[in-house]
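Q: Got a structure for you, questions after.
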Amino acid sequence: MHILAIETSCDETAAAVVTDEGRVLSNVVASQIKDHAAFGGVVPEIASRKHTELIEPVVEEALIEAGTSGRELGAVTVTQGPGLVGALLVGISYAKALAYGLGIPLFGINHLEGHLCAAKIEHEVTYPHIGMVVSGGHTSLYRICSPSDIVRIGQTLDDAAGEAYDKVAKLLYLGYPGGVVIERISRGVDHEEIDFPRPLINDDTYDFSFSGLKTAVLNRVLREEIFEHVDLSFSGLPEEKKPLPGKEDMVPKIAAAFQAAVIDVLVAKAFKAVADHDMKLLVVTGGVASNGALREALGRKARETGIRLVIPDRKYCTDNAAMIGIAGIRSIKEGRCASLDMNAVSRWERV
């Protein structure tokens, strides 16, 4: 059976066609980065408008790429939440209309379950295992004993890791998206002279906290007097500024030191959960899992500990519809069909 999947939880308009055996026939993503870059982050109203413009051509491209048509579809899966309500509603409304018009069942899918299922696209995933979702909106750890037994054991208490990247990039006047530019300018940079804190790295929980790390970066920027003025509003993208003469090398050093601190915490927490629960497999997904330095650090730790590590290909780490289709297979098999009055869920605590 061919399944159409739609994802519009944030700023990516995505559609994919997958089979009920888990094969991806197409995976189309239209990015809105250029539309939000001037504001230094995602603007919900703009995201909703762009989804409205892009949803139909993106779905059509996914069907063409898969070599199929609407009449050959057996089900429609769509991200129901969590996410931006306006953005979610665009995808849900389109999915409802399509399912109704074709007379096929509709399934609402949890975005976080989608991220966890992304690992299944190109890898064999066995149970039980520990799953970690690291993105702009989420940093969470899960004990996963079966496809239907997913328990969150840890989460961020404030900023998500990706959110912290974006905010630090603003402090350093690096632009948007922060994760990409910080990773790029941090490569090969010696940052040993800067030692930022690793929040909660040695506590007994599996929770995360990155707000204090962000504050430590701010304090270092102010102490070093790198810029003539620092924008502390975090609203919109600050006007471009260059470091003062003689301070140019401090920006990549601070960026690299910040990234090292985030990675140390993520790796430590993930492998603590693996050890404490006696697991043999760690699955790491989400947009931040695209970060090369994080992937390398996780790989080193996995080799040291003999733990099997699965990280999806980068195109399946960031928001995409293929993962929603793969996650939808379980809903379809269990017959958890949604009604046409299904609504968006901005906060969906349980996967």
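Identifiers for the structure tokens are assigned positionally: chains receive A, B, ... in sequence, residues are indexed from 1 per chain, and ligands are indexed from 1 in the order shown.
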Please build the interface table for stretch 252-333 of chain A against stretch 169-173 of chain A with a cut-off of 10 Å, listing for each qualifying residue the nearest atom pair and the distance in Å to one decimal; count only C-alpha atoms, order rows by chain and increasing number, and write it as a tab-separated table.
A:
residue	atom	partner	partner_atom	distance
A:Pro252	CA	A:Leu172	CA	9.0
A:Ile254	CA	A:Leu172	CA	8.6
A:Ala255	CA	A:Ala169	CA	7.9
Q: Taking 4 positions as the minimum chain separation for residues in the same chain, which residues sit within 10 Å of A:His191 when counting only C-alpha atoms? Answer as a list in words.
A: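 Non-adjacent residues within range: Ser186, Asp195, Met250, Pro252, Lys253, Ile254, Ala255, Ala256, Ala257, Phe258 and Ala260 of chain A.
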Q: How would the residues just picked look written out with N, CA and C atoms as an mmCIF file, in the first residue's frame?
A:
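Written out: result-v6.cif:
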data_model
loop_
_atom_site.group_PDB
_atom_site.id
_atom_site.type_symbol
_atom_site.label_atom_id
_atom_site.label_comp_id
_atom_site.auth_asym_id
_atom_site.auth_seq_id
_atom_site.Cartn_x
_atom_site.Cartn_y
_atom_site.Cartn_z
ATOM 1 N N SER A 186 33.378 26.582 13.793
ATOM 2 C CA SER A 186 34.046 25.925 14.917
ATOM 3 C C SER A 186 35.054 24.873 14.486
ATOM 4 N N ASP A 195 36.450 27.697 28.952
ATOM 5 C CA ASP A 195 35.840 26.508 29.561
ATOM 6 C C ASP A 195 34.446 26.853 30.060
ATOM 7 N N MET A 250 38.118 35.724 18.735
ATOM 8 C CA MET A 250 37.337 35.298 19.890
ATOM 9 C C MET A 250 35.982 34.727 19.496
ATOM 10 N N PRO A 252 35.031 32.700 16.795
ATOM 11 C CA PRO A 252 35.064 31.249 16.554
ATOM 12 C C PRO A 252 35.462 30.453 17.795
ATOM 13 N N LYS A 253 36.311 31.034 18.662
ATOM 14 C CA LYS A 253 36.708 30.325 19.881
ATOM 15 C C LYS A 253 35.515 30.135 20.820
ATOM 16 N N ILE A 254 34.736 31.194 20.990
ATOM 17 C CA ILE A 254 33.554 31.100 21.863
ATOM 18 C C ILE A 254 32.524 30.157 21.258
ATOM 19 N N ALA A 255 32.336 30.263 19.940
ATOM 20 C CA ALA A 255 31.385 29.365 19.277
ATOM 21 C C ALA A 255 31.801 27.911 19.449
ATOM 22 N N ALA A 256 33.091 27.630 19.266
ATOM 23 C CA ALA A 256 33.586 26.258 19.391
ATOM 24 C C ALA A 256 33.486 25.751 20.821
ATOM 25 N N ALA A 257 33.775 26.630 21.791
ATOM 26 C CA ALA A 257 33.687 26.238 23.195
ATOM 27 C C ALA A 257 32.244 25.956 23.595
ATOM 28 N N PHE A 258 31.334 26.779 23.089
ATOM 29 C CA PHE A 258 29.904 26.543 23.341
ATOM 30 C C PHE A 258 29.472 25.199 22.765
ATOM 31 N N ALA A 260 31.239 22.605 22.063
ATOM 32 C CA ALA A 260 31.861 21.503 22.803
ATOM 33 C C ALA A 260 31.101 21.205 24.089
#
Q: Do you have, as a Markdown table, the list of residues of stretch 262-347 of chain A lying at most 8 Å from stretch 197-206 of chain A, each with its nearest atom pair and that distance in Å to one decimal, counting only C-alpha atoms and ordered by chain then number?
A:
| residue | atom | partner | partner_atom | distance |
| --- | --- | --- | --- | --- |
| A:Val262 | CA | A:Arg198 | CA | 7.3 |
| A:Asp264 | CA | A:Arg198 | CA | 7.2 |
| A:Val265 | CA | A:Ile201 | CA | 5.5 |
| A:Ala268 | CA | A:Ile201 | CA | 6.7 |
| A:Lys269 | CA | A:Tyr206 | CA | 5.9 |
| A:Ala270 | CA | A:Tyr206 | CA | 7.9 |
| A:Lys272 | CA | A:Tyr206 | CA | 7.8 |
| A:Ala273 | CA | A:Tyr206 | CA | 6.9 |
Q: Can you tell me which residues surround A:Gly325 at a distance of at most 9 Å, considering only C-alpha atoms, apart from same-chain residues fewer than 5 positions away, and format the answer as a list in words?
A: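 Near A:Gly325, the qualifying residues are Ile3, Leu4, Ala5, Ile6, Ala16, Val17, Val18, Thr19, Asp20, Gly22, Val24, Val76, Thr77, Val78, Ile109 and Gly114 of chain A.
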Q: Given the selection you just returned, output its residues as a file containing N, CA and C atoms, formatted as a CSV table (one decimal), in the first residue's frame.
A:
chain,number,residue,atom,x,y,z
A,3,ILE,N,1.4,5.1,1.0
A,3,ILE,CA,1.0,6.0,2.0
A,3,ILE,C,1.5,7.4,1.7
A,4,LEU,N,0.6,8.4,1.7
A,4,LEU,CA,1.1,9.8,1.5
A,4,LEU,C,1.3,10.4,2.9
A,5,ALA,N,2.4,11.0,3.2
A,5,ALA,CA,2.8,11.6,4.5
A,5,ALA,C,3.0,13.1,4.3
A,6,ILE,N,2.5,13.9,5.2
A,6,ILE,CA,2.6,15.3,5.2
A,6,ILE,C,3.1,15.9,6.5
A,16,ALA,N,5.8,13.1,1.4
A,16,ALA,CA,6.6,11.9,1.0
A,16,ALA,C,5.5,10.8,0.7
A,17,VAL,N,6.0,9.8,0.0
A,17,VAL,CA,5.2,8.6,-0.3
A,17,VAL,C,6.0,7.4,0.2
A,18,VAL,N,5.5,6.6,1.1
A,18,VAL,CA,6.2,5.4,1.6
A,18,VAL,C,5.2,4.2,1.4
A,19,THR,N,5.8,3.0,1.5
A,19,THR,CA,5.0,1.8,1.4
A,19,THR,C,4.7,1.3,2.8
A,20,ASP,N,3.7,0.4,3.0
A,20,ASP,CA,3.4,-0.1,4.3
A,20,ASP,C,4.5,-1.1,4.7
A,22,GLY,N,7.6,0.0,4.7
A,22,GLY,CA,8.7,0.9,5.2
A,22,GLY,C,9.7,1.4,4.1
A,24,VAL,N,10.8,4.1,1.3
A,24,VAL,CA,10.5,5.5,0.9
A,24,VAL,C,10.6,5.6,-0.6
A,76,VAL,N,-3.6,8.5,4.2
A,76,VAL,CA,-2.9,9.7,4.4
A,76,VAL,C,-2.4,9.9,5.8
A,77,THR,N,-1.2,10.1,6.1
A,77,THR,CA,-0.7,10.4,7.4
A,77,THR,C,-0.2,11.9,7.5
A,78,VAL,N,-0.4,12.5,8.6
A,78,VAL,CA,-0.1,13.9,8.7
A,78,VAL,C,0.3,14.2,10.1
A,109,ILE,N,-0.3,11.9,13.3
A,109,ILE,CA,1.0,11.3,13.8
A,109,ILE,C,1.7,12.3,14.7
A,114,GLY,N,7.7,10.5,14.9
A,114,GLY,CA,8.3,10.5,13.6
A,114,GLY,C,9.8,10.6,13.6
Q: Let's see if you can do this: from backbone DSSP, list all strand (DSSP E) residues in stretch 89-210 of chain A, as a list in words.
A: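 Answer for stretch 89-210 of chain A restricted to strand (DSSP E) is Leu106, Phe107, Gly108, Ile109, Asn110, His129, Ile130, Gly131, Met132, Val133, Val134, Thr139, Ser140, Leu141, Tyr142, Arg143, Ile144, Cys145, Ser146, Asp149, Ile150, Val151, Arg152, Ile153, Gly154 and Gln155 of chain A.
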Q: From a DSSP pass on the backbone, collect the residues of stretch 41-149 of chain A flagged as helix (DSSP H, G or I) and hand them back as a PyMOL selection string.
A: chain A and resi 44-66+70-72+85-102+111-120
Q: Store the residues of this selection in a file with C-alpha atoms, as a PDB file, in the first residue's frame.
A:
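To be explicit, this is the file written out as out.pdb:
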ATOM      1  CA  PRO A  44       4.723  31.494  13.019  1.00  0.00           C
ATOM      2  CA  GLU A  45       2.524  33.676  10.802  1.00  0.00           C
ATOM      3  CA  ILE A  46       5.039  33.632   7.956  1.00  0.00           C
ATOM      4  CA  ALA A  47       5.461  29.874   8.332  1.00  0.00           C
ATOM      5  CA  SER A  48       1.705  29.315   8.024  1.00  0.00           C
ATOM      6  CA  ARG A  49       1.459  31.512   4.922  1.00  0.00           C
ATOM      7  CA  LYS A  50       4.349  29.748   3.215  1.00  0.00           C
ATOM      8  CA  HIS A  51       2.873  26.329   4.003  1.00  0.00           C
ATOM      9  CA  THR A  52      -0.357  27.428   2.357  1.00  0.00           C
ATOM     10  CA  GLU A  53       1.560  28.436  -0.781  1.00  0.00           C
ATOM     11  CA  LEU A  54       3.752  25.341  -0.914  1.00  0.00           C
ATOM     12  CA  ILE A  55       1.642  22.426   0.304  1.00  0.00           C
ATOM     13  CA  GLU A  56      -0.045  21.565  -3.008  1.00  0.00           C
ATOM     14  CA  PRO A  57       3.041  21.724  -5.263  1.00  0.00           C
ATOM     15  CA  VAL A  58       5.096  19.809  -2.692  1.00  0.00           C
ATOM     16  CA  VAL A  59       2.499  17.010  -2.492  1.00  0.00           C
ATOM     17  CA  GLU A  60       2.245  16.890  -6.280  1.00  0.00           C
ATOM     18  CA  GLU A  61       6.043  16.643  -6.585  1.00  0.00           C
ATOM     19  CA  ALA A  62       6.120  13.807  -4.032  1.00  0.00           C
ATOM     20  CA  LEU A  63       3.507  11.845  -5.992  1.00  0.00           C
ATOM     21  CA  ILE A  64       5.332  12.382  -9.287  1.00  0.00           C
ATOM     22  CA  GLU A  65       8.692  11.413  -7.788  1.00  0.00           C
ATOM     23  CA  ALA A  66       7.128   8.239  -6.369  1.00  0.00           C
ATOM     24  CA  GLY A  70      -3.772  10.031  -5.591  1.00  0.00           C
ATOM     25  CA  ARG A  71      -5.986   7.188  -6.780  1.00  0.00           C
ATOM     26  CA  GLU A  72      -3.284   4.665  -5.861  1.00  0.00           C
ATOM     27  CA  VAL A  85      -0.670  25.477  15.606  1.00  0.00           C
ATOM     28  CA  GLY A  86      -1.089  27.576  12.468  1.00  0.00           C
ATOM     29  CA  ALA A  87       1.548  25.594  10.605  1.00  0.00           C
ATOM     30  CA  LEU A  88       0.093  22.261  11.722  1.00  0.00           C
ATOM     31  CA  LEU A  89      -3.409  23.267  10.636  1.00  0.00           C
ATOM     32  CA  VAL A  90      -2.292  23.867   7.049  1.00  0.00           C
ATOM     33  CA  GLY A  91      -1.031  20.296   6.726  1.00  0.00           C
ATOM     34  CA  ILE A  92      -3.966  18.822   8.628  1.00  0.00           C
ATOM     35  CA  SER A  93      -6.565  20.697   6.580  1.00  0.00           C
ATOM     36  CA  TYR A  94      -4.970  19.606   3.317  1.00  0.00           C
ATOM     37  CA  ALA A  95      -4.679  15.999   4.524  1.00  0.00           C
ATOM     38  CA  LYS A  96      -8.327  15.958   5.611  1.00  0.00           C
ATOM     39  CA  ALA A  97      -9.543  17.264   2.270  1.00  0.00           C
ATOM     40  CA  LEU A  98      -7.401  14.799   0.350  1.00  0.00           C
ATOM     41  CA  ALA A  99      -8.442  11.802   2.472  1.00  0.00           C
ATOM     42  CA  TYR A 100     -12.118  12.764   2.207  1.00  0.00           C
ATOM     43  CA  GLY A 101     -11.936  13.334  -1.531  1.00  0.00           C
ATOM     44  CA  LEU A 102     -10.192  10.023  -2.185  1.00  0.00           C
ATOM     45  CA  HIS A 111       6.054  14.584  15.283  1.00  0.00           C
ATOM     46  CA  LEU A 112       8.442  13.229  17.937  1.00  0.00           C
ATOM     47  CA  GLU A 113       7.482   9.641  17.187  1.00  0.00           C
ATOM     48  CA  GLY A 114       8.256  10.517  13.584  1.00  0.00           C
ATOM     49  CA  HIS A 115      11.780  11.600  14.524  1.00  0.00           C
ATOM     50  CA  LEU A 116      12.333   8.390  16.482  1.00  0.00           C
ATOM     51  CA  CYS A 117      11.066   6.332  13.543  1.00  0.00           C
ATOM     52  CA  ALA A 118      13.418   8.101  11.103  1.00  0.00           C
ATOM     53  CA  ALA A 119      16.116   5.688  12.222  1.00  0.00           C
ATOM     54  CA  LYS A 120      14.123   2.806  10.708  1.00  0.00           C
TER      55      LYS A 120
END
Q: Pick out the residues sitting within 9 Å of A:Ala160, and hand them over as a ChimeraX atom specification; count only C-alpha atoms, and ignore anything fewer than 3 positions along from it in its own chain.
A: /A:134-140,155-157,163-165,208-211
Q: Generate a file of the selected residues that holds C-alpha atoms, formatted as an mmCIF file, in the first residue's frame.
A:
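Result file again.cif:
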data_model
loop_
_atom_site.group_PDB
_atom_site.id
_atom_site.type_symbol
_atom_site.label_atom_id
_atom_site.label_comp_id
_atom_site.auth_asym_id
_atom_site.auth_seq_id
_atom_site.Cartn_x
_atom_site.Cartn_y
_atom_site.Cartn_z
ATOM 1 C CA VAL A 134 17.702 16.704 19.651
ATOM 2 C CA SER A 135 16.228 19.584 17.660
ATOM 3 C CA GLY A 136 15.346 23.254 17.734
ATOM 4 C CA GLY A 137 12.264 22.639 19.842
ATOM 5 C CA HIS A 138 13.045 19.421 21.694
ATOM 6 C CA THR A 139 15.841 17.740 23.606
ATOM 7 C CA SER A 140 14.489 14.530 25.128
ATOM 8 C CA GLN A 155 13.881 16.416 28.750
ATOM 9 C CA THR A 156 15.211 19.943 28.638
ATOM 10 C CA LEU A 157 14.135 22.124 31.540
ATOM 11 C CA GLU A 163 17.279 26.836 20.326
ATOM 12 C CA ALA A 164 20.448 27.483 22.327
ATOM 13 C CA TYR A 165 22.496 27.312 19.120
ATOM 14 C CA PHE A 208 19.024 18.865 30.194
ATOM 15 C CA SER A 209 19.443 22.601 30.748
ATOM 16 C CA PHE A 210 21.074 24.983 28.282
ATOM 17 C CA SER A 211 19.860 28.370 29.535
#
Q: If I take atom CA of A:Tyr176 and atom CA of A:Ile263, how far is one from the other in Å, to one decimal?
A: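 Between atom CA of A:Tyr176 and atom CA of A:Ile263 the gap works out to 19.8 Å.
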Q: Could you name the residues that touch A:Met342 at 8 Å or less, counting only C-alpha atoms, but leaving out those on the same chain fewer than 3 positions away, as a list in words?
A: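 So, after excluding close chain neighbours, the residues are Gly108, Ala338 and Ser339 of chain A.
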Q: Closest to A:Ala261 among A:Gly212, A:Gly306, A:Pro105, A:Gly246, using only C-alpha atoms?
A: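 The closest residue to A:Ala261 is A:Gly212.
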Q: Under the rule that only C-alpha atoms are counted, which of A:Arg336, A:Lys34, A:Arg295, A:Arg308 is the nearest residue to A:Ala75?
A: A:Arg336
Q: Which residue, A:Leu281, A:Leu141, A:Leu222, A:Ala161, has the smallest gap to A:Leu294 when you use only C-alpha atoms?
A: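 Comparing A:Leu281, A:Leu141, A:Leu222, A:Ala161 against A:Leu294, the winner is A:Ala161.
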Q: Could you give me, as a list in words, the residues within 10 Å of A:Val310, counting only C-alpha atoms and dropping anything in the same chain fewer than 5 positions from it?
A: Ala119, Lys120, Glu122, His123, Glu124, Val125, Gly131, Leu281, Leu282, Val283, Val284, Thr285, Arg295, Leu298, Gly299 and Ala302 of chain A
Q: What does the distance between atom CA of A:Val345 and atom CA of A:Pro147 come to in Å, to one decimal place?
A: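 Atom-to-atom, atom CA of A:Val345 and atom CA of A:Pro147 are spaced 21.1 Å apart.
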Q: Using only C-alpha atoms, which residue out of A:Ile185, A:Ile33, A:Ala322, A:Ile130 lies closest to A:Ala275?
A: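 Using only C-alpha atoms, A:Ala275 sits closest to A:Ile130.
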Q: Of the candidates A:Leu213, A:Val251, A:Val42, A:Ile144, which shows the shortest atom-to-atom distance to A:Met132, using only C-alpha atoms?
A: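 Comparing A:Leu213, A:Val251, A:Val42, A:Ile144 against A:Met132, the winner is A:Ile144.
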